[in-house]
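Only one structure is covered here, and it is reproduced in the block below.
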Amino acid sequence: MWKPNSVSSLIHAILQNTRLNISASIRSMSQSTSIPKKVQRVRDHGYDNYMEVEKKMRKVLGFQDLILLQPNSMVSISRLDMLARRLGLKQFEAGEFILKFPHVFEIFDHPVQRILYCRLTRKAELQIKQEKEALLNQVPDAVTRLRKLLMLSSTGRLQLEHIRIARKDFGLPDDFEFSVVLKYPQFFRLFDSKETSGKYVELVERDPKLAVCAIERVREKEYREKGIDAENIRFSFIVNFPPGFKIGKYYKIAVWKWQRLPYWSPYDDISGYDMRSLEAQKRLEKRAVAMIHELLSLTVEKKITLERIAHFRLAMNLPKKLKDFLLQHQGIFYMSTRGNHGKLHTIFLREAYRKGDLIEPNDLYLARRKLAELILLSPRRAKADGELVSFRREREDNEIRNSRRDFAETAFNDFGAENSIKHDGKKEEDLDLIMR
């Protein structure tokens with residue numbers, strides 16, 4: 001026979017268990033229709049292979065700088081081996097490295113010292129010249145990019161050192177402090193901060209015409225060309241997941257809901273909004289995605305390292321855990337750890353690339369990729385080119401030698417004929433004297 005206390009405790013336990021099951025099911029349903037916070041990274045070999053070539057390019061550029069700093073832009077192999085220690089290479093590794101890239105480095109015998117020297121090939125020198133010309137020609141575009149970059153900051157200013165570190169990503173010259181910032185006082189102001197004891201670049205005035213994101217232009221293009229419903233793409237991004245990324249039913253629903261979530265533009269001032277509500281937090285997170293998307297769109301190659309994005313984190317109100325945040329949106333961004341022994345994380349804008357190449361390349365990007373082409377060229381082709389050049393030189397030398405021989409023979413014959421004429425003339429004069 002059951003006692004009242006035992007019956008009541010049993011009913012209480014059943015109700016408690018039911019309540020826990022209901023809350024767990026509700027929690028699982030709410031989590032299943034939202035993008036999970038932690039997502040496993042899925043590799044995309046197209047971007048990783050791109051970074052492997054980039055790794056070789058960085059080493060080649062380091063050797064180029066060492067050679068160009070030497071007198072007459074050439075250096076002996078023994079001295080280059082010593083200088084290469086700055087790049088982290090061990091003894092005798094410099095010679096092995098430059099032999100791998102015969103289209104970039106040329107080894108030759110010094111005509112006086114009779115030892116092996118190294119210099120850049122004509123193709124490499126031409127590539128450097130083209131990159132410098134492309135960099136100078138796109139300075140007006142770089143000025144616009146820097147203005148938009150400063151507009152992304154909540155205060156309209158960024159540290160000069162942070163911009164200097166990322167100058168190549170945004171297509172700025174090495175002397176941009178003078179050739180861009182100080183040259184255009186109508187756009188920029190350079191000042192020293194007493195709080196951080198560093199220089200800052202500040203925007204003089206915000207231009208509403210520049211406050212248009214790249215994703216907004218993409219949406220307008222999709223609307224005009226494909227006739228997609230404006231409401232469906234009003235707040236959406238181009239999502240293209242890497243191969244092998246598992247997309248479940250509830251994950252699709254979560255992405256569908258997230259694509260239609262409104263958010264504030266990265267160029268909008270949100271200082272007056274109340275951010276305490278859950279809806280405001282969701283909009284703020286999506287605004288961070290749009291902020292990083294716009295930051296990548298301003299770069300020359302539509303990629304930048306995660307560590308350089310972190311320099312702008314406070315100024316642009318980005319999340320603290322940037323790596324986990326970006327892994328939530330692998331359909332928009334790709335994070336590669338290749339190219340620097342996993343020490344750096346390179347972030348790509350997925351929609352800007354197709355099969356490892358930029359869809360809309362610019363002149364500066366094309367000039368930089370020419371160095372990659374020289375690196376990837378086969379050494380056998382370099383050997384064939386060298387043999388062809390040596391064959392042409394031998395042929396030219398033979399032609400010059402033959403022409404000199406013909407000239408000498410002609411001159412000798414002319415000289416002999418002239419002498420014979422002189423001798424004949426002298427004989428005739430002597431005969432006339434005898435006859436007289």
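Here, A, B, ... name the chains of the structure tokens in the order displayed, residue numbers run from 1 inside each chain, and ligands are numbered from 1 in the same displayed order.
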Taking only region 127-250 of chain A into account, list the residues labelled strand (DSSP E or B) by DSSP (computed from the backbone), as an NGL selection string.
:A and (157-159 or 188-193 or 198-203)
Nearby residues (only C-alpha atoms) at most 7 Å from Asp81 (chain A), same-chain spacing under 5 positions excluded, as a PyMOL selection string
chain A and resi 91-92+94-95
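Pairwise distance (CA of Asn49 (chain A), CA of Ile215 (chain A)) equals 26.6 Å.
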A:Gln159, A:Thr337, A:Asn72, A:Asn232 ranked by distance to Trp258 (chain A), top pick (using only C-alpha atoms)
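When distances to Trp258 (chain A) are compared using only C-alpha atoms, the smallest one comes from A:Asn232.
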What is the CA of Arg350 (chain A) to CA of Gly331 (chain A) distance in Å?
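Computing the Euclidean distance for CA of Arg350 (chain A) and CA of Gly331 (chain A) yields 7.3 Å.
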Select from region 55-168 of chain A every residue with an atom at most 10 Å from any atom of region 295-303 of chain A, then for each give the shortest pair of atoms and their distance in Å to one decimal, using only C-alpha atoms, rows by chain and rising number, as JSON lines.
{"residue": "A:Asp141", "atom": "CA", "partner": "A:Leu298", "partner_atom": "CA", "distance": 10.0}
{"residue": "A:Ala142", "atom": "CA", "partner": "A:Leu298", "partner_atom": "CA", "distance": 9.1}
{"residue": "A:Thr144", "atom": "CA", "partner": "A:Leu298", "partner_atom": "CA", "distance": 9.3}
{"residue": "A:Arg145", "atom": "CA", "partner": "A:Leu298", "partner_atom": "CA", "distance": 5.9}
{"residue": "A:Leu146", "atom": "CA", "partner": "A:Leu298", "partner_atom": "CA", "distance": 8.5}
{"residue": "A:Lys148", "atom": "CA", "partner": "A:Leu298", "partner_atom": "CA", "distance": 8.0}
{"residue": "A:Leu149", "atom": "CA", "partner": "A:Leu295", "partner_atom": "CA", "distance": 7.2}
{"residue": "A:Leu152", "atom": "CA", "partner": "A:Leu295", "partner_atom": "CA", "distance": 8.3}
{"residue": "A:Ala166", "atom": "CA", "partner": "A:Thr299", "partner_atom": "CA", "distance": 9.3}
{"residue": "A:Arg167", "atom": "CA", "partner": "A:Thr299", "partner_atom": "CA", "distance": 9.4}
{"residue": "A:Lys168", "atom": "CA", "partner": "A:Val300", "partner_atom": "CA", "distance": 8.1}
With N, CA, C and O atoms retained, export the selected residues as a PDB file, in the first residue's frame.
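That gives us selection_0.pdb:
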ATOM      1  N   ASP A 141      43.351  55.210 -56.356  1.00  0.00           N
ATOM      2  CA  ASP A 141      42.462  54.188 -55.794  1.00  0.00           C
ATOM      3  C   ASP A 141      42.847  53.861 -54.349  1.00  0.00           C
ATOM      4  O   ASP A 141      41.975  53.608 -53.513  1.00  0.00           O
ATOM      5  N   ALA A 142      44.143  53.875 -54.062  1.00  0.00           N
ATOM      6  CA  ALA A 142      44.597  53.614 -52.698  1.00  0.00           C
ATOM      7  C   ALA A 142      44.144  54.709 -51.741  1.00  0.00           C
ATOM      8  O   ALA A 142      43.829  54.439 -50.577  1.00  0.00           O
ATOM      9  N   THR A 144      41.347  56.365 -52.012  1.00  0.00           N
ATOM     10  CA  THR A 144      39.930  56.067 -51.751  1.00  0.00           C
ATOM     11  C   THR A 144      39.785  54.909 -50.783  1.00  0.00           C
ATOM     12  O   THR A 144      38.936  54.924 -49.874  1.00  0.00           O
ATOM     13  N   ARG A 145      40.622  53.880 -50.941  1.00  0.00           N
ATOM     14  CA  ARG A 145      40.559  52.735 -50.030  1.00  0.00           C
ATOM     15  C   ARG A 145      40.888  53.144 -48.598  1.00  0.00           C
ATOM     16  O   ARG A 145      40.246  52.685 -47.649  1.00  0.00           O
ATOM     17  N   LEU A 146      41.884  54.025 -48.439  1.00  0.00           N
ATOM     18  CA  LEU A 146      42.249  54.472 -47.095  1.00  0.00           C
ATOM     19  C   LEU A 146      41.136  55.318 -46.488  1.00  0.00           C
ATOM     20  O   LEU A 146      40.870  55.218 -45.273  1.00  0.00           O
ATOM     21  N   LYS A 148      37.897  54.979 -47.071  1.00  0.00           N
ATOM     22  CA  LYS A 148      36.847  54.045 -46.674  1.00  0.00           C
ATOM     23  C   LYS A 148      37.262  53.238 -45.437  1.00  0.00           C
ATOM     24  O   LYS A 148      36.430  52.932 -44.586  1.00  0.00           O
ATOM     25  N   LEU A 149      38.551  52.894 -45.365  1.00  0.00           N
ATOM     26  CA  LEU A 149      39.042  52.161 -44.203  1.00  0.00           C
ATOM     27  C   LEU A 149      38.875  52.986 -42.932  1.00  0.00           C
ATOM     28  O   LEU A 149      38.466  52.459 -41.887  1.00  0.00           O
ATOM     29  N   LEU A 152      35.327  53.073 -41.682  1.00  0.00           N
ATOM     30  CA  LEU A 152      34.883  51.882 -40.964  1.00  0.00           C
ATOM     31  C   LEU A 152      35.165  51.975 -39.467  1.00  0.00           C
ATOM     32  O   LEU A 152      34.526  51.283 -38.669  1.00  0.00           O
ATOM     33  N   ALA A 166      49.801  46.789 -42.604  1.00  0.00           N
ATOM     34  CA  ALA A 166      48.916  46.230 -43.636  1.00  0.00           C
ATOM     35  C   ALA A 166      48.953  47.040 -44.931  1.00  0.00           C
ATOM     36  O   ALA A 166      48.036  46.922 -45.746  1.00  0.00           O
ATOM     37  N   ARG A 167      50.002  47.829 -45.157  1.00  0.00           N
ATOM     38  CA  ARG A 167      50.031  48.730 -46.314  1.00  0.00           C
ATOM     39  C   ARG A 167      50.004  47.971 -47.640  1.00  0.00           C
ATOM     40  O   ARG A 167      49.345  48.418 -48.598  1.00  0.00           O
ATOM     41  N   LYS A 168      50.705  46.836 -47.734  1.00  0.00           N
ATOM     42  CA  LYS A 168      50.731  46.092 -48.995  1.00  0.00           C
ATOM     43  C   LYS A 168      49.373  45.472 -49.295  1.00  0.00           C
ATOM     44  O   LYS A 168      49.006  45.322 -50.458  1.00  0.00           O
TER      45      LYS A 168
END
Counting only C-alpha atoms, what is within 10 Å of His311 (chain A), bar same-chain residues fewer than 4 positions away, as a PyMOL selection string?
chain A and resi 158-159+161-163+165-166+306-307+315-316
Would you please give, as a PyMOL selection string, all residues of region 88-279 of chain A that DSSP assigns to alpha helix (DSSP H) based on the backbone?
chain A and resi 93-99+122-137+139-152+160-165+176+214-226+230-233+249-259+278-279
Please identify all polymer residues within 10 Å of Arg164 (chain A), counting only C-alpha atoms, omitting same-chain residues fewer than 5 positions from it, and present them as an MDAnalysis selection string.
chainID A and resid 159 169:170 172:177
Find the residues around region 82-84 of chain A up to 10 Å (only C-alpha atoms counted), leave out those fewer than 2 positions away in its own chain, and share them as number ranges by chain.
A: 62-63, 66-67, 75, 77-80, 86-95
Quick one: residues within 12 Å of region 217-224 of chain A, only C-alpha atoms, excluding same-chain residues fewer than 5 positions away - as an MDAnalysis selection string?
chainID A and resid 211:212 229:238 294 297 351:352
Please, what distance in Å, to one decimal, runs between CA of His329 (chain A) and CA of Leu210 (chain A)?
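Calculated distance between CA of His329 (chain A) and CA of Leu210 (chain A) is 26.2 Å.
Minimum atom-to-atom distances from A:Leu203, A:Thr196, A:Pro319, A:Val255 to Gln281 (chain A) were compared using only C-alpha atoms, and the lowest value belongs to A:Pro319.
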Per residue of region 73-189 of chain A within 12 Å of region 260-271 of chain A, which atom pair is closest and at what distance in Å (one decimal), using only C-alpha atoms, listed by chain and increasing number, as JSON lines?
{"residue": "A:Arg147", "atom": "CA", "partner": "A:Tyr267", "partner_atom": "CA", "distance": 11.6}
{"residue": "A:Lys148", "atom": "CA", "partner": "A:Tyr267", "partner_atom": "CA", "distance": 8.6}
{"residue": "A:Leu149", "atom": "CA", "partner": "A:Tyr267", "partner_atom": "CA", "distance": 9.7}
{"residue": "A:Leu150", "atom": "CA", "partner": "A:Tyr267", "partner_atom": "CA", "distance": 9.8}
{"residue": "A:Met151", "atom": "CA", "partner": "A:Tyr267", "partner_atom": "CA", "distance": 6.3}
{"residue": "A:Leu152", "atom": "CA", "partner": "A:Tyr267", "partner_atom": "CA", "distance": 5.6}
{"residue": "A:Ser153", "atom": "CA", "partner": "A:Tyr267", "partner_atom": "CA", "distance": 8.3}
{"residue": "A:Ser154", "atom": "CA", "partner": "A:Asp269", "partner_atom": "CA", "distance": 7.1}
{"residue": "A:Thr155", "atom": "CA", "partner": "A:Asp269", "partner_atom": "CA", "distance": 9.5}
{"residue": "A:Gly156", "atom": "CA", "partner": "A:Tyr267", "partner_atom": "CA", "distance": 10.3}
Residue selection dump (N, CA and C atoms) as a PDB file, in the first residue's frame:
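The resulting file, selection-v5.pdb, is reproduced below:
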ATOM      1  N   ARG A 147      40.467  56.132 -47.285  1.00  0.00           N
ATOM      2  CA  ARG A 147      39.335  56.916 -46.775  1.00  0.00           C
ATOM      3  C   ARG A 147      38.205  56.003 -46.291  1.00  0.00           C
ATOM      4  N   LYS A 148      37.897  54.979 -47.071  1.00  0.00           N
ATOM      5  CA  LYS A 148      36.847  54.045 -46.674  1.00  0.00           C
ATOM      6  C   LYS A 148      37.262  53.238 -45.437  1.00  0.00           C
ATOM      7  N   LEU A 149      38.551  52.894 -45.365  1.00  0.00           N
ATOM      8  CA  LEU A 149      39.042  52.161 -44.203  1.00  0.00           C
ATOM      9  C   LEU A 149      38.875  52.986 -42.932  1.00  0.00           C
ATOM     10  N   LEU A 150      39.171  54.274 -43.002  1.00  0.00           N
ATOM     11  CA  LEU A 150      39.003  55.149 -41.840  1.00  0.00           C
ATOM     12  C   LEU A 150      37.532  55.355 -41.507  1.00  0.00           C
ATOM     13  N   MET A 151      36.673  55.313 -42.507  1.00  0.00           N
ATOM     14  CA  MET A 151      35.228  55.442 -42.272  1.00  0.00           C
ATOM     15  C   MET A 151      34.658  54.225 -41.554  1.00  0.00           C
ATOM     16  N   LEU A 152      35.327  53.073 -41.682  1.00  0.00           N
ATOM     17  CA  LEU A 152      34.883  51.882 -40.964  1.00  0.00           C
ATOM     18  C   LEU A 152      35.165  51.975 -39.467  1.00  0.00           C
ATOM     19  N   SER A 153      36.109  52.823 -39.098  1.00  0.00           N
ATOM     20  CA  SER A 153      36.424  53.002 -37.685  1.00  0.00           C
ATOM     21  C   SER A 153      35.326  53.825 -37.008  1.00  0.00           C
ATOM     22  N   SER A 154      34.996  53.459 -35.789  1.00  0.00           N
ATOM     23  CA  SER A 154      33.938  54.166 -35.065  1.00  0.00           C
ATOM     24  C   SER A 154      34.334  55.596 -34.721  1.00  0.00           C
ATOM     25  N   THR A 155      35.643  55.851 -34.620  1.00  0.00           N
ATOM     26  CA  THR A 155      36.124  57.197 -34.297  1.00  0.00           C
ATOM     27  C   THR A 155      36.654  57.948 -35.516  1.00  0.00           C
ATOM     28  N   GLY A 156      36.720  57.286 -36.677  1.00  0.00           N
ATOM     29  CA  GLY A 156      37.244  57.936 -37.871  1.00  0.00           C
ATOM     30  C   GLY A 156      38.753  58.063 -37.867  1.00  0.00           C
TER      31      GLY A 156
END
